[in-house]
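To be precise, the following lines are run-v4.cif, and they hold mmCIF, C-alpha atoms.
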data_start
#
loop_
_atom_site.group_PDB
_atom_site.id
_atom_site.type_symbol
_atom_site.label_atom_id
_atom_site.label_comp_id
_atom_site.auth_asym_id
_atom_site.auth_seq_id
_atom_site.Cartn_x
_atom_site.Cartn_y
_atom_site.Cartn_z
ATOM 1 C CA MET A 192 117.894 82.493 141.967
ATOM 2 C CA MET A 193 116.741 85.505 140.000
ATOM 3 C CA PHE A 194 115.661 88.634 141.851
ATOM 4 C CA ARG A 195 113.193 91.073 140.292
ATOM 5 C CA ARG A 196 114.221 94.685 140.284
ATOM 6 C CA GLY A 197 111.748 97.415 139.382
ATOM 7 C CA PHE A 198 108.397 97.128 137.655
ATOM 8 C CA THR A 199 107.479 95.642 134.313
ATOM 9 C CA LEU A 200 106.135 97.813 131.510
ATOM 10 C CA VAL A 201 102.676 96.282 131.899
ATOM 11 C CA GLU A 202 102.543 97.141 135.605
ATOM 12 C CA ILE A 203 103.532 100.747 134.915
ATOM 13 C CA MET A 204 100.941 101.032 132.151
ATOM 14 C CA VAL A 205 98.202 99.703 134.450
ATOM 15 C CA VAL A 206 99.107 102.249 137.133
ATOM 16 C CA VAL A 207 99.096 105.097 134.561
ATOM 17 C CA ALA A 208 95.705 103.932 133.233
ATOM 18 C CA VAL A 209 94.226 103.886 136.760
ATOM 19 C CA ILE A 210 95.573 107.382 137.483
ATOM 20 C CA ALA A 211 94.164 108.670 134.182
ATOM 21 C CA LEU A 212 90.769 107.153 134.983
ATOM 22 C CA LEU A 213 90.698 108.748 138.436
ATOM 23 C CA ALA A 214 91.704 112.130 136.986
ATOM 24 C CA THR A 215 88.943 111.877 134.383
ATOM 25 C CA ILE A 216 86.400 111.249 137.110
ATOM 26 C CA ALA A 217 87.678 113.926 139.515
ATOM 27 C CA LEU A 218 88.402 116.827 137.142
ATOM 28 C CA PRO A 219 84.772 117.808 136.340
ATOM 29 C CA ALA A 220 83.901 117.765 140.036
ATOM 30 C CA ILE A 221 86.845 120.035 140.824
ATOM 31 C CA LEU A 222 85.858 122.478 138.076
ATOM 32 C CA ARG A 223 82.229 122.520 139.257
ATOM 33 C CA ALA A 224 83.388 123.226 142.806
ATOM 34 C CA ARG A 225 85.507 126.149 141.573
ATOM 35 C CA ILE A 226 82.582 127.635 139.653
ATOM 36 C CA THR A 227 80.259 127.220 142.645
ATOM 37 C CA THR A 228 82.823 128.874 144.915
ATOM 38 C CA ASN A 229 83.277 131.813 142.529
ATOM 39 C CA GLN A 230 79.518 132.299 142.272
ATOM 40 C CA ALA A 231 79.107 132.278 146.054
ATOM 41 C CA ALA A 232 82.000 134.750 146.360
ATOM 42 C CA ALA A 233 80.386 137.039 143.761
ATOM 43 C CA GLN A 234 77.136 137.090 145.732
ATOM 44 C CA ALA A 235 78.988 137.804 148.984
ATOM 45 C CA ASN A 236 81.024 140.577 147.321
ATOM 46 C CA LEU A 237 77.865 142.185 145.949
ATOM 47 C CA LYS A 238 76.365 142.165 149.432
ATOM 48 C CA LEU A 239 79.525 143.818 150.804
ATOM 49 C CA ILE A 240 79.394 146.470 148.078
ATOM 50 C CA SER A 241 75.699 147.044 148.765
ATOM 51 C CA ASN A 242 76.329 147.385 152.505
ATOM 52 C CA GLY A 243 79.034 149.959 151.772
ATOM 53 C CA LEU A 244 76.708 151.904 149.465
ATOM 54 C CA GLU A 245 73.824 151.806 151.952
ATOM 55 C CA THR A 246 76.072 152.881 154.829
ATOM 56 C CA TYR A 247 77.488 155.727 152.719
ATOM 57 C CA ALA A 248 73.944 156.857 151.841
ATOM 58 C CA ILE A 249 72.894 156.852 155.487
ATOM 59 C CA ALA A 250 75.885 159.010 156.432
ATOM 60 C CA ASN A 251 75.767 161.377 153.431
ATOM 61 C CA GLY A 252 72.138 161.464 152.309
ATOM 62 C CA THR A 253 72.824 160.139 148.775
ATOM 63 C CA TYR A 254 74.760 157.378 147.094
ATOM 64 C CA PRO A 255 78.235 158.274 145.812
ATOM 65 C CA ALA A 256 78.658 159.277 142.164
ATOM 66 C CA ASN A 257 81.735 157.064 141.815
ATOM 67 C CA PRO A 258 82.540 153.709 143.465
ATOM 68 C CA ALA A 259 86.075 154.958 144.206
ATOM 69 C CA THR A 260 84.505 157.305 146.762
ATOM 70 C CA LEU A 261 83.722 154.275 148.946
ATOM 71 C CA ARG A 262 87.440 153.578 149.336
ATOM 72 C CA ALA A 263 88.524 157.209 149.613
ATOM 73 C CA GLN A 264 86.610 157.884 152.829
ATOM 74 C CA VAL A 265 88.215 157.498 156.257
ATOM 75 C CA PRO A 266 87.459 154.832 157.366
ATOM 76 C CA PRO A 267 86.703 153.306 153.951
ATOM 77 C CA TYR A 268 83.265 151.864 153.248
ATOM 78 C CA LEU A 269 84.916 149.142 151.139
ATOM 79 C CA ALA A 270 88.205 147.463 152.046
ATOM 80 C CA LYS A 271 88.914 146.235 148.495
ATOM 81 C CA ASP A 272 88.554 147.728 145.040
ATOM 82 C CA TYR A 273 86.241 145.258 143.339
ATOM 83 C CA PHE A 274 85.834 147.495 140.287
ATOM 84 C CA ALA A 275 89.472 147.814 139.165
ATOM 85 C CA SER A 276 89.897 144.334 137.679
ATOM 86 C CA THR A 277 88.586 140.781 137.775
ATOM 87 C CA TYR A 278 88.052 139.617 141.339
ATOM 88 C CA ASN A 279 87.379 135.913 142.094
ATOM 89 C CA GLY A 280 86.583 135.322 138.426
ATOM 90 C CA TYR A 281 83.981 138.103 138.192
ATOM 91 C CA ASN A 282 83.984 141.649 136.802
ATOM 92 C CA TYR A 283 82.020 144.240 138.773
ATOM 93 C CA ILE A 284 80.373 147.269 137.148
ATOM 94 C CA ALA A 285 78.512 149.904 139.148
ATOM 95 C CA THR A 286 75.860 152.320 137.927
ATOM 96 C CA LEU A 287 75.420 154.992 140.583
ATOM 97 C CA SER A 288 73.279 158.090 140.803
ATOM 98 C CA GLY A 289 72.100 160.173 143.695
ATOM 99 C CA TYR A 290 69.273 157.989 144.934
ATOM 100 C CA VAL A 291 69.586 154.645 143.129
ATOM 101 C CA TYR A 292 72.353 152.182 142.352
ATOM 102 C CA SER A 293 72.911 148.949 140.485
ATOM 103 C CA VAL A 294 76.017 146.754 140.624
ATOM 104 C CA VAL A 295 76.428 143.915 138.132
ATOM 105 C CA ALA A 296 78.825 140.985 138.563
ATOM 106 C CA THR A 297 79.538 139.129 135.319
ATOM 107 C CA PRO A 298 81.809 136.079 135.016
ATOM 108 C CA ALA A 299 85.135 136.789 133.307
ATOM 109 C CA SER A 300 84.658 133.535 131.355
ATOM 110 C CA ALA A 301 82.550 130.368 131.481
ATOM 111 C CA ASN A 302 85.400 128.702 133.386
ATOM 112 C CA PHE A 303 84.891 131.057 136.334
ATOM 113 C CA GLY A 304 81.106 131.198 136.582
ATOM 114 C CA ARG A 305 77.900 130.751 134.656
ATOM 115 C CA THR A 306 75.568 133.222 136.353
ATOM 116 C CA THR A 307 75.417 137.016 136.214
ATOM 117 C CA TYR A 308 74.305 138.693 139.432
ATOM 118 C CA THR A 309 72.863 142.157 140.009
ATOM 119 C CA ILE A 310 72.305 143.963 143.279
ATOM 120 C CA SER A 311 70.297 147.167 143.286
ATOM 121 C CA THR A 312 68.943 149.820 145.615
ATOM 122 C CA GLY A 313 67.733 148.271 148.850
ATOM 123 C CA SER A 314 70.149 145.324 148.541
ATOM 124 C CA VAL A 315 67.946 143.393 146.115
ATOM 125 C CA LEU A 316 70.059 140.546 144.677
ATOM 126 C CA THR A 317 68.964 138.906 141.421
ATOM 127 C CA ALA A 318 70.570 136.191 139.300
ATOM 128 C CA PHE A 319 70.528 135.792 135.520
ATOM 129 C CA PRO A 320 71.742 132.477 134.096
#
Rewritten as structure tokens:
Amino acid sequence: MMFRRGFTLVEIMVVVAVIALLATIALPAILRARITTNQAAAQANLKLISNGLETYAIANGTYPANPATLRAQVPPYLAKDYFASTYNGYNYIATLSGYVYSVVATPASANFGRTTYTISTGSVLTAFP
């Protein structure tokens, strides 16, 4: 009697082909989920930044001239520095003056997000594809 040990080349190739097919189907869905998650995080971060700016304005009468002021206060109005570098695939840029503000979140690349978001005075959030 002859005992089989291991798999034949054809069996291994079929398994590799099935795995490749499954990866081809799953990869776009995974990338879309990552982009959707980054976009939702960008909106949430803009709302946090806006809440910090509005709270600062209530306490001090005007908006800060620099976003770093929000972290320098005790207790801080923002727990994280969203403006220093890319955060969750988005870059944040603030335009602040005494009585108005605008914060823009732009994707670092198309792999991280496809929509640019802006939040302005009064916590008005807008999206630009």
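The gap separating CA of Pro320 (chain A) from CA of Thr307 (chain A) is 6.2 Å, in Å to one decimal.
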Scan for residues within 10 Å of the point (68.0, 145.4, 150.5) in the coordinates of the file, using only C-alpha atoms, and reply as a PDB file with C-alpha atoms, in the frame of the given file.
ATOM      1  CA  LYS A 238      76.365 142.165 149.432  1.00  0.00           C
ATOM      2  CA  SER A 241      75.699 147.044 148.765  1.00  0.00           C
ATOM      3  CA  ASN A 242      76.329 147.385 152.505  1.00  0.00           C
ATOM      4  CA  GLU A 245      73.824 151.806 151.952  1.00  0.00           C
ATOM      5  CA  ILE A 310      72.305 143.963 143.279  1.00  0.00           C
ATOM      6  CA  SER A 311      70.297 147.167 143.286  1.00  0.00           C
ATOM      7  CA  THR A 312      68.943 149.820 145.615  1.00  0.00           C
ATOM      8  CA  GLY A 313      67.733 148.271 148.850  1.00  0.00           C
ATOM      9  CA  SER A 314      70.149 145.324 148.541  1.00  0.00           C
ATOM     10  CA  VAL A 315      67.946 143.393 146.115  1.00  0.00           C
ATOM     11  CA  LEU A 316      70.059 140.546 144.677  1.00  0.00           C
TER      12      LEU A 316
END
* Do you know which residues the PyMOL selection byres ((chain A and resi 280) around 8) returns on this file, as number ranges by chain? -> A: 229, 277-279, 281-282, 298-300, 303-304
Hey, what comes out of the PyMOL selection byres ((chain A and resi 287) around 7) on this file? Could you write it as a short mmCIF file (atom, residue, chain, number, x, y, z; two decimals) with C-alpha atoms, in the frame of the given file?
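Okay, out-v5.cif is ready:
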data_model
loop_
_atom_site.label_atom_id
_atom_site.label_comp_id
_atom_site.auth_asym_id
_atom_site.auth_seq_id
_atom_site.Cartn_x
_atom_site.Cartn_y
_atom_site.Cartn_z
CA TYR A 254 74.76 157.38 147.09
CA PRO A 255 78.24 158.27 145.81
CA ALA A 256 78.66 159.28 142.16
CA ASN A 257 81.74 157.06 141.82
CA ALA A 285 78.51 149.90 139.15
CA THR A 286 75.86 152.32 137.93
CA SER A 288 73.28 158.09 140.80
CA GLY A 289 72.10 160.17 143.70
CA VAL A 291 69.59 154.65 143.13
CA TYR A 292 72.35 152.18 142.35
CA SER A 293 72.91 148.95 140.49
#
* Resolved residues for the PyMOL selection byres ((chain A and resi 272) around 10) as a ChimeraX atom specification -> /A:240,258-259,261-262,269-271,273-276,278,283
* Asked: Of the candidates A:Tyr308, A:Phe319, A:Tyr268, A:Phe198, which one gets nearest to Gly243 (chain A) if we count only C-alpha atoms?
  ->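 Going through A:Tyr308, A:Phe319, A:Tyr268, A:Phe198 one by one, the smallest distance to Gly243 (chain A) is for A:Tyr268.
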* Grab the CA of Ile226 (chain A) to CA of Ile210 (chain A) distance for me, in Å with one decimal place. =>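 Here the two named atoms are 24.2 Å from each other.
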* **Using only C-alpha atoms: which of A:Ile249, A:Leu244, A:Ala224, A:Ile216 has the shortest distance to Asn302 (chain A)** =>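 Using only C-alpha atoms, the shortest distance to Asn302 (chain A) belongs to A:Ala224.
If you look at CA of Leu237 (chain A) and CA of Ala296 (chain A), they are 7.5 Å away from each other.
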Using all atoms of region 301-313 of chain A that appear in the file, construct an axis-aligned enclosing box with 4 Å of padding on every side and provide its centre coordinates and edge lengths in Å, rounded to one decimal, as AutoDock Vina command-line options.
--center_x 76.6 --center_y 139.3 --center_z 140.2 --size_x 25.7 --size_y 29.1 --size_z 25.4
Could I see region 238-269 of chain A restored to N, CA and C atoms, set down as an mmCIF file, in the frame of the given file?
data_model
loop_
_atom_site.group_PDB
_atom_site.id
_atom_site.type_symbol
_atom_site.label_atom_id
_atom_site.label_comp_id
_atom_site.auth_asym_id
_atom_site.auth_seq_id
_atom_site.Cartn_x
_atom_site.Cartn_y
_atom_site.Cartn_z
ATOM 1 N N LYS A 238 76.984 141.759 148.162
ATOM 2 C CA LYS A 238 76.365 142.165 149.432
ATOM 3 C C LYS A 238 77.265 143.126 150.207
ATOM 4 N N LEU A 239 78.590 142.891 150.157
ATOM 5 C CA LEU A 239 79.525 143.818 150.804
ATOM 6 C C LEU A 239 79.474 145.189 150.142
ATOM 7 N N ILE A 240 79.458 145.202 148.816
ATOM 8 C CA ILE A 240 79.394 146.470 148.078
ATOM 9 C C ILE A 240 78.096 147.190 148.413
ATOM 10 N N SER A 241 76.993 146.445 148.438
ATOM 11 C CA SER A 241 75.699 147.044 148.765
ATOM 12 C C SER A 241 75.690 147.613 150.181
ATOM 13 N N ASN A 242 76.257 146.878 151.126
ATOM 14 C CA ASN A 242 76.329 147.385 152.505
ATOM 15 C C ASN A 242 77.131 148.680 152.566
ATOM 16 N N GLY A 243 78.241 148.734 151.822
ATOM 17 C CA GLY A 243 79.034 149.959 151.772
ATOM 18 C C GLY A 243 78.257 151.117 151.179
ATOM 19 N N LEU A 244 77.518 150.848 150.097
ATOM 20 C CA LEU A 244 76.708 151.904 149.465
ATOM 21 C C LEU A 244 75.595 152.379 150.394
ATOM 22 N N GLU A 245 74.921 151.433 151.050
ATOM 23 C CA GLU A 245 73.824 151.806 151.952
ATOM 24 C C GLU A 245 74.350 152.589 153.154
ATOM 25 N N THR A 246 75.484 152.168 153.695
ATOM 26 C CA THR A 246 76.072 152.881 154.829
ATOM 27 C C THR A 246 76.505 154.287 154.428
ATOM 28 N N TYR A 247 77.094 154.415 153.236
ATOM 29 C CA TYR A 247 77.488 155.727 152.719
ATOM 30 C C TYR A 247 76.255 156.623 152.574
ATOM 31 N N ALA A 248 75.164 156.062 152.041
ATOM 32 C CA ALA A 248 73.944 156.857 151.841
ATOM 33 C C ALA A 248 73.339 157.312 153.166
ATOM 34 N N ILE A 249 73.413 156.456 154.172
ATOM 35 C CA ILE A 249 72.894 156.852 155.487
ATOM 36 C C ILE A 249 73.701 158.024 156.046
ATOM 37 N N ALA A 250 75.019 157.965 155.878
ATOM 38 C CA ALA A 250 75.885 159.010 156.432
ATOM 39 C C ALA A 250 75.852 160.294 155.621
ATOM 40 N N ASN A 251 75.639 160.204 154.292
ATOM 41 C CA ASN A 251 75.767 161.377 153.431
ATOM 42 C C ASN A 251 74.475 161.812 152.746
ATOM 43 N N GLY A 252 73.415 161.066 152.887
ATOM 44 C CA GLY A 252 72.138 161.464 152.309
ATOM 45 C C GLY A 252 71.915 160.990 150.875
ATOM 46 N N THR A 253 72.947 160.657 150.144
ATOM 47 C CA THR A 253 72.824 160.139 148.775
ATOM 48 C C THR A 253 73.892 159.074 148.556
ATOM 49 N N TYR A 254 73.730 158.347 147.474
ATOM 50 C CA TYR A 254 74.760 157.378 147.094
ATOM 51 C C TYR A 254 75.905 158.114 146.410
ATOM 52 N N PRO A 255 77.112 157.582 146.456
ATOM 53 C CA PRO A 255 78.235 158.274 145.812
ATOM 54 C C PRO A 255 78.080 158.257 144.286
ATOM 55 N N ALA A 256 78.698 159.220 143.626
ATOM 56 C CA ALA A 256 78.658 159.277 142.164
ATOM 57 C C ALA A 256 79.660 158.304 141.540
ATOM 58 N N ASN A 257 80.665 157.909 142.323
ATOM 59 C CA ASN A 257 81.735 157.064 141.815
ATOM 60 C C ASN A 257 82.053 155.996 142.869
ATOM 61 N N PRO A 258 82.232 154.726 142.460
ATOM 62 C CA PRO A 258 82.540 153.709 143.465
ATOM 63 C C PRO A 258 83.880 153.926 144.173
ATOM 64 N N ALA A 259 84.790 154.678 143.562
ATOM 65 C CA ALA A 259 86.075 154.958 144.206
ATOM 66 C C ALA A 259 85.897 155.777 145.483
ATOM 67 N N THR A 260 84.799 156.510 145.567
ATOM 68 C CA THR A 260 84.505 157.305 146.762
ATOM 69 C C THR A 260 84.378 156.418 147.996
ATOM 70 N N LEU A 261 83.898 155.190 147.816
ATOM 71 C CA LEU A 261 83.722 154.275 148.946
ATOM 72 C C LEU A 261 85.050 153.906 149.590
ATOM 73 N N ARG A 262 86.113 153.899 148.801
ATOM 74 C CA ARG A 262 87.440 153.578 149.336
ATOM 75 C C ARG A 262 88.201 154.817 149.786
ATOM 76 N N ALA A 263 87.794 155.979 149.307
ATOM 77 C CA ALA A 263 88.524 157.209 149.613
ATOM 78 C C ALA A 263 88.170 157.777 150.990
ATOM 79 N N GLN A 264 87.042 157.365 151.530
ATOM 80 C CA GLN A 264 86.610 157.884 152.829
ATOM 81 C C GLN A 264 87.469 157.298 153.946
ATOM 82 N N VAL A 265 87.492 157.996 155.092
ATOM 83 C CA VAL A 265 88.215 157.498 156.257
ATOM 84 C C VAL A 265 87.208 157.318 157.382
ATOM 85 N N PRO A 266 86.992 156.122 157.861
ATOM 86 C CA PRO A 266 87.459 154.832 157.366
ATOM 87 C C PRO A 266 86.730 154.483 156.068
ATOM 88 N N PRO A 267 87.320 153.630 155.244
ATOM 89 C CA PRO A 267 86.703 153.306 153.951
ATOM 90 C C PRO A 267 85.443 152.455 154.126
ATOM 91 N N TYR A 268 84.486 152.667 153.232
ATOM 92 C CA TYR A 268 83.265 151.864 153.248
ATOM 93 C C TYR A 268 83.499 150.496 152.601
ATOM 94 N N LEU A 269 84.506 150.413 151.747
ATOM 95 C CA LEU A 269 84.916 149.142 151.139
ATOM 96 C C LEU A 269 86.408 148.943 151.376
#
